[in-house]
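This is start.pdb. It holds PDB, C-alpha atoms.
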ATOM      1  CA  MET A   1       0.000   0.000   0.000
ATOM      2  CA  LYS A   2       1.158   3.517  -0.784
ATOM      3  CA  SER A   3       1.910   5.825   2.115
ATOM      4  CA  ILE A   4      -0.995   7.775   3.555
ATOM      5  CA  ILE A   5       0.179  11.343   4.057
ATOM      6  CA  LEU A   6      -1.686  13.886   6.168
ATOM      7  CA  VAL A   7      -1.143  17.602   5.598
ATOM      8  CA  GLY A   8      -2.677  20.712   7.093
ATOM      9  CA  TYR A   9      -1.964  23.607   9.366
ATOM     10  CA  MET A  10      -0.248  23.083  12.720
ATOM     11  CA  CYS A  11      -2.598  21.652  15.328
ATOM     12  CA  ALA A  12      -5.167  20.588  12.715
ATOM     13  CA  GLY A  13      -5.071  17.107  14.230
ATOM     14  CA  LYS A  14      -2.707  15.356  11.827
ATOM     15  CA  THR A  15      -0.859  13.426  14.537
ATOM     16  CA  THR A  16      -4.007  12.602  16.509
ATOM     17  CA  VAL A  17      -5.901  11.406  13.432
ATOM     18  CA  GLY A  18      -2.791   9.764  11.997
ATOM     19  CA  LYS A  19      -2.293   7.573  15.059
ATOM     20  CA  ALA A  20      -5.961   6.514  15.036
ATOM     21  CA  LEU A  21      -5.840   5.848  11.295
ATOM     22  CA  ALA A  22      -2.644   3.784  11.545
ATOM     23  CA  GLU A  23      -4.157   1.703  14.322
ATOM     24  CA  ARG A  24      -7.388   1.177  12.377
ATOM     25  CA  LEU A  25      -5.500   0.029   9.262
ATOM     26  CA  GLY A  26      -2.729  -1.893  11.031
ATOM     27  CA  LEU A  27      -0.037   0.419   9.668
ATOM     28  CA  ARG A  28       2.971   2.105  11.255
ATOM     29  CA  PHE A  29       2.628   5.771  12.173
ATOM     30  CA  TYR A  30       5.300   8.408  11.630
ATOM     31  CA  ASP A  31       5.234  12.086  12.532
ATOM     32  CA  LEU A  32       7.741  13.895  10.310
ATOM     33  CA  ASP A  33       8.808  16.340  13.029
ATOM     34  CA  TRP A  34       9.376  13.489  15.494
ATOM     35  CA  TYR A  35      11.331  11.590  12.831
ATOM     36  CA  ILE A  36      13.556  14.622  12.238
ATOM     37  CA  GLU A  37      14.122  15.025  15.984
ATOM     38  CA  THR A  38      15.109  11.375  16.310
ATOM     39  CA  ARG A  39      17.494  11.444  13.343
ATOM     40  CA  PHE A  40      19.154  14.734  14.328
ATOM     41  CA  CYS A  41      18.988  14.292  18.125
ATOM     42  CA  LYS A  42      17.553  17.801  18.404
ATOM     43  CA  ARG A  43      14.083  19.207  18.871
ATOM     44  CA  VAL A  44      12.609  21.120  15.941
ATOM     45  CA  PRO A  45      12.561  24.420  17.909
ATOM     46  CA  GLN A  46      16.281  23.902  18.622
ATOM     47  CA  ILE A  47      17.032  23.394  14.907
ATOM     48  CA  PHE A  48      15.049  26.563  14.112
ATOM     49  CA  ALA A  49      16.904  28.543  16.803
ATOM     50  CA  GLU A  50      20.383  27.299  15.899
ATOM     51  CA  GLN A  51      20.202  27.090  12.112
ATOM     52  CA  GLY A  52      17.110  29.023  11.005
ATOM     53  CA  GLU A  53      13.983  28.079   9.123
ATOM     54  CA  ALA A  54      15.653  27.792   5.700
ATOM     55  CA  HIS A  55      18.052  25.120   6.956
ATOM     56  CA  PHE A  56      15.243  23.307   8.773
ATOM     57  CA  ARG A  57      13.178  23.208   5.559
ATOM     58  CA  LYS A  58      16.080  21.539   3.712
ATOM     59  CA  ILE A  59      16.324  18.905   6.449
ATOM     60  CA  GLU A  60      12.556  18.480   6.387
ATOM     61  CA  ARG A  61      12.558  17.897   2.607
ATOM     62  CA  SER A  62      15.297  15.308   2.854
ATOM     63  CA  MET A  63      13.580  13.455   5.706
ATOM     64  CA  LEU A  64      10.230  13.608   3.876
ATOM     65  CA  HIS A  65      11.824  11.822   0.921
ATOM     66  CA  GLU A  66      13.296   9.227   3.272
ATOM     67  CA  VAL A  67      10.131   8.465   5.249
ATOM     68  CA  ALA A  68       7.572   8.705   2.441
ATOM     69  CA  GLU A  69       9.320   5.848   0.655
ATOM     70  CA  PHE A  70       8.437   3.475   3.508
ATOM     71  CA  GLU A  71       5.547   1.145   2.745
ATOM     72  CA  ASP A  72       2.430   0.645   4.818
ATOM     73  CA  ILE A  73       2.701   3.844   6.843
ATOM     74  CA  VAL A  74       0.650   6.831   7.853
ATOM     75  CA  LEU A  75       2.750  10.006   7.827
ATOM     76  CA  SER A  76       1.811  13.249   9.547
ATOM     77  CA  CYS A  77       3.685  16.214   8.073
ATOM     78  CA  GLY A  78       4.524  19.529   9.676
ATOM     79  CA  GLY A  79       2.259  22.442   8.825
ATOM     80  CA  GLY A  80       4.822  24.016   6.505
ATOM     81  CA  THR A  81       6.014  20.853   4.771
ATOM     82  CA  PRO A  82       3.725  21.100   1.700
ATOM     83  CA  CYS A  83       4.630  24.765   1.158
ATOM     84  CA  PHE A  84       8.316  24.392   0.364
ATOM     85  CA  PHE A  85      10.291  23.039  -2.584
ATOM     86  CA  ASP A  86       8.346  20.444  -4.594
ATOM     87  CA  ASN A  87       7.127  18.708  -1.440
ATOM     88  CA  MET A  88       3.408  18.650  -2.302
ATOM     89  CA  ASP A  89       4.047  17.289  -5.802
ATOM     90  CA  TYR A  90       6.330  14.658  -4.335
ATOM     91  CA  MET A  91       3.798  13.610  -1.683
ATOM     92  CA  ASN A  92       1.055  13.319  -4.309
ATOM     93  CA  ALA A  93       3.342  11.122  -6.427
ATOM     94  CA  VAL A  94       4.277   8.654  -3.685
ATOM     95  CA  GLY A  95       1.216   8.493  -1.472
ATOM     96  CA  HIS A  96      -2.445   9.081  -0.791
ATOM     97  CA  THR A  97      -2.559  12.702   0.410
ATOM     98  CA  PHE A  98      -5.209  14.162   2.695
ATOM     99  CA  TYR A  99      -5.615  17.771   3.717
ATOM    100  CA  LEU A 100      -7.175  18.013   7.170
ATOM    101  CA  ARG A 101      -8.952  21.311   6.624
ATOM    102  CA  ALA A 102      -9.924  23.256   9.728
ATOM    103  CA  SER A 103     -11.179  26.765  10.305
ATOM    104  CA  ALA A 104      -8.970  29.315  12.026
ATOM    105  CA  ALA A 105     -11.270  29.079  15.071
ATOM    106  CA  THR A 106     -10.781  25.287  15.244
ATOM    107  CA  LEU A 107      -7.034  25.675  14.872
ATOM    108  CA  LEU A 108      -6.897  28.275  17.647
ATOM    109  CA  SER A 109      -8.896  25.914  19.880
ATOM    110  CA  HIS A 110      -6.452  23.083  19.150
ATOM    111  CA  LEU A 111      -3.477  25.391  19.734
ATOM    112  CA  SER A 112      -4.852  26.268  23.165
ATOM    113  CA  MET A 113      -5.008  22.524  23.975
ATOM    114  CA  SER A 114      -1.542  21.814  22.549
ATOM    115  CA  ARG A 115       1.359  21.251  24.899
ATOM    116  CA  GLY A 116       4.083  21.439  22.258
ATOM    117  CA  GLU A 117       6.396  24.365  21.669
ATOM    118  CA  ARG A 118       5.719  26.052  18.345
ATOM    119  CA  PRO A 119       8.743  28.053  17.168
ATOM    120  CA  LEU A 120       6.737  30.280  14.831
ATOM    121  CA  LEU A 121       4.167  31.190  17.506
ATOM    122  CA  LYS A 122       6.097  31.898  20.664
ATOM    123  CA  ASP A 123       5.782  35.364  22.201
ATOM    124  CA  LYS A 124       2.517  36.234  20.397
ATOM    125  CA  THR A 125      -0.471  37.706  22.241
ATOM    126  CA  SER A 126      -3.895  36.093  21.709
ATOM    127  CA  GLU A 127      -4.814  38.762  19.179
ATOM    128  CA  GLU A 128      -1.488  38.456  17.349
ATOM    129  CA  LEU A 129      -1.835  34.672  17.334
ATOM    130  CA  ALA A 130      -5.341  34.819  15.821
ATOM    131  CA  ALA A 131      -4.206  37.256  13.116
ATOM    132  CA  TYR A 132      -1.080  35.198  12.400
ATOM    133  CA  VAL A 133      -3.029  31.922  12.065
ATOM    134  CA  GLU A 134      -5.614  33.493   9.738
ATOM    135  CA  THR A 135      -2.953  35.109   7.535
ATOM    136  CA  GLN A 136      -0.706  32.063   7.382
ATOM    137  CA  LEU A 137      -3.608  29.664   6.812
ATOM    138  CA  ALA A 138      -4.742  31.783   3.847
ATOM    139  CA  ALA A 139      -1.203  31.711   2.411
ATOM    140  CA  ARG A 140      -0.765  27.963   2.917
ATOM    141  CA  ALA A 141      -4.240  26.797   1.861
ATOM    142  CA  PRO A 142      -3.378  26.730  -1.888
ATOM    143  CA  PHE A 143      -0.606  24.212  -1.149
ATOM    144  CA  TYR A 144      -2.772  22.107   1.163
ATOM    145  CA  GLU A 145      -5.636  22.100  -1.327
ATOM    146  CA  ARG A 146      -3.419  20.330  -3.852
ATOM    147  CA  ALA A 147      -3.792  17.167  -1.762
ATOM    148  CA  GLN A 148      -5.741  14.370  -3.445
ATOM    149  CA  HIS A 149      -8.463  14.495  -0.790
ATOM    150  CA  ILE A 150      -9.784  17.213   1.511
ATOM    151  CA  VAL A 151     -11.313  16.210   4.837
ATOM    152  CA  ASP A 152     -13.067  18.922   6.813
ATOM    153  CA  ILE A 153     -12.571  18.685  10.549
ATOM    154  CA  ASP A 154     -13.970  20.410  13.591
ATOM    155  CA  VAL A 155     -12.493  20.593  17.083
ATOM    156  CA  LEU A 156     -11.083  17.118  17.805
ATOM    157  CA  ASP A 157     -11.865  17.023  21.496
ATOM    158  CA  GLU A 158     -13.547  13.597  21.667
ATOM    159  CA  ALA A 159     -12.438  10.100  20.669
ATOM    160  CA  GLU A 160     -15.642   9.723  18.653
ATOM    161  CA  LYS A 161     -14.736  12.692  16.430
ATOM    162  CA  ILE A 162     -11.217  11.379  15.867
ATOM    163  CA  ASP A 163     -12.560   7.911  15.011
ATOM    164  CA  ARG A 164     -15.073   9.402  12.543
ATOM    165  CA  ILE A 165     -12.283  11.185  10.632
ATOM    166  CA  ALA A 166     -10.060   8.063  10.662
ATOM    167  CA  THR A 167     -12.990   6.008   9.331
ATOM    168  CA  GLN A 168     -13.647   8.546   6.572
ATOM    169  CA  ILE A 169     -10.002   8.551   5.469
ATOM    170  CA  SER A 170      -9.644   4.752   5.613
ATOM    171  CA  GLY A 171     -12.770   4.419   3.437
ATOM    172  CA  LEU A 172     -11.308   6.775   0.841
ATOM    173  CA  VAL A 173      -7.983   4.906   0.808
ATOM    174  CA  GLU A 174      -9.647   1.494   0.510
ATOM    175  CA  ALA A 175     -11.824   2.716  -2.367
ATOM    176  CA  HIS A 176      -8.765   4.117  -4.160
ATOM    177  CA  GLU A 177      -6.646   0.966  -3.606
ATOM    178  CA  LYS A 178      -9.234  -1.286  -5.327
TER     179      LYS A 178
END
Mind turning the file's structure into structure tokens?
Amino acid sequence: MKSIILVGYMCAGKTTVGKALAERLGLRFYDLDWYIETRFCKRVPQIFAEQGEAHFRKIERSMLHEVAEFEDIVLSCGGGTPCFFDNMDYMNAVGHTFYLRASAATLLSHLSMSRGERPLLKDKTSEELAAYVETQLAARAPFYERAQHIVDIDVLDEAEKIDRIATQISGLVEAHEK
């Protein structure tokens, strides 16, 4: 089976849905940021701080090419992954791609629940954060929308909601694999 690749803005639920989807389909789950951190023995925010975003994006592209070649996996990509180099074209060529589309309000709700450090968001007030998310989401949406499938999501605050999205995606993959 081709890789199943989830794209979307940060905190859209790619990792949460990806884990549930991998379990449902009996596949291995990979989070691209976690993979990078394991391979480079550094956290993504540390790479950003020490070497800048441009260098991180080169690493990210290289690691995307490495992981996406694995078979029988679900891969959750970072929010910026599809927006750099030829990453979205590459993902569409090697896998089943799904854009987890969420409103800015849903993303802000997820961000408030998130425990992870987000290098591009630190030191922003609530108002600045809302404006930043809306602006960046608008800029990134054209890349995300090039995914083969778009799945609209709402706030993923219940197991039932997560399972519903995983079921929807698995149905689309199974239909396409036949």
As an exercise, work out the distance from CA of Leu21 (chain A) to CA of Val74 (chain A) in Å and give it to one decimal place. 7.4 Å
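Once Ile162 (chain A) and its same-chain neighbours fewer than 6 positions away are set aside, Ala12, Gly13, Lys14, Thr15, Thr16, Val17, Gly18, Lys19, Ala20, Leu21, Arg24, Leu100, Asp152, Ile153, Asp154, Val155, Leu156, Gln168 and Ile169 of chain A remain within 12 Å of it when counting all atoms listed in the file.
Shortest atom-to-atom contact with Arg28 (chain A) among A:Glu71, A:Glu66, A:Glu60, A:Glu158: A:Glu71, counting only C-alpha atoms.
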Would you list the contacts of Ala139 (chain A) as a PyMOL selection string, taking every protein, DNA or RNA residue within 12 Å and counting all atoms listed in the file, but skipping same-chain residues closer than 3 positions in sequence? chain A and resi 9+79-80+82-83+132-136+142-145
Counting all atoms listed in the file, which residues of region 88-165 of chain A fall within 7 Å of region 5-8 of chain A, and what is the closest atom pair for each with its distance in Å at one decimal, ordered by chain and rising number, as a Markdown table?
| residue | atom | partner | partner_atom | distance |
| --- | --- | --- | --- | --- |
| A:Gly95 | CA | A:Ile5 | CA | 6.3 |
| A:His96 | CA | A:Ile5 | CA | 6.0 |
| A:Thr97 | CA | A:Ile5 | CA | 4.8 |
| A:Phe98 | CA | A:Leu6 | CA | 5.0 |
| A:Tyr99 | CA | A:Val7 | CA | 4.9 |
| A:Leu100 | CA | A:Gly8 | CA | 5.2 |
| A:Arg101 | CA | A:Gly8 | CA | 6.3 |
| A:Tyr144 | CA | A:Gly8 | CA | 6.1 |
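The closest residue to Glu37 (chain A), picked from A:Ala49, A:Ile59, A:Ile4, A:Leu108 and counting all atoms listed in the file, is A:Ile59.
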List every protein, DNA or RNA residue with an atom no more than 12 Å from (14.4, 11.7, 8.6) in the file's coordinates, counting all atoms listed in the file, and format the result as a PyMOL selection string. chain A and resi 30-42+56-70+75+77
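Distances here use all atoms listed in the file; by that measure, the residue among A:Met91, A:Ala130, A:Leu25, A:Ala138 closest to Ser109 (chain A) is A:Ala130.
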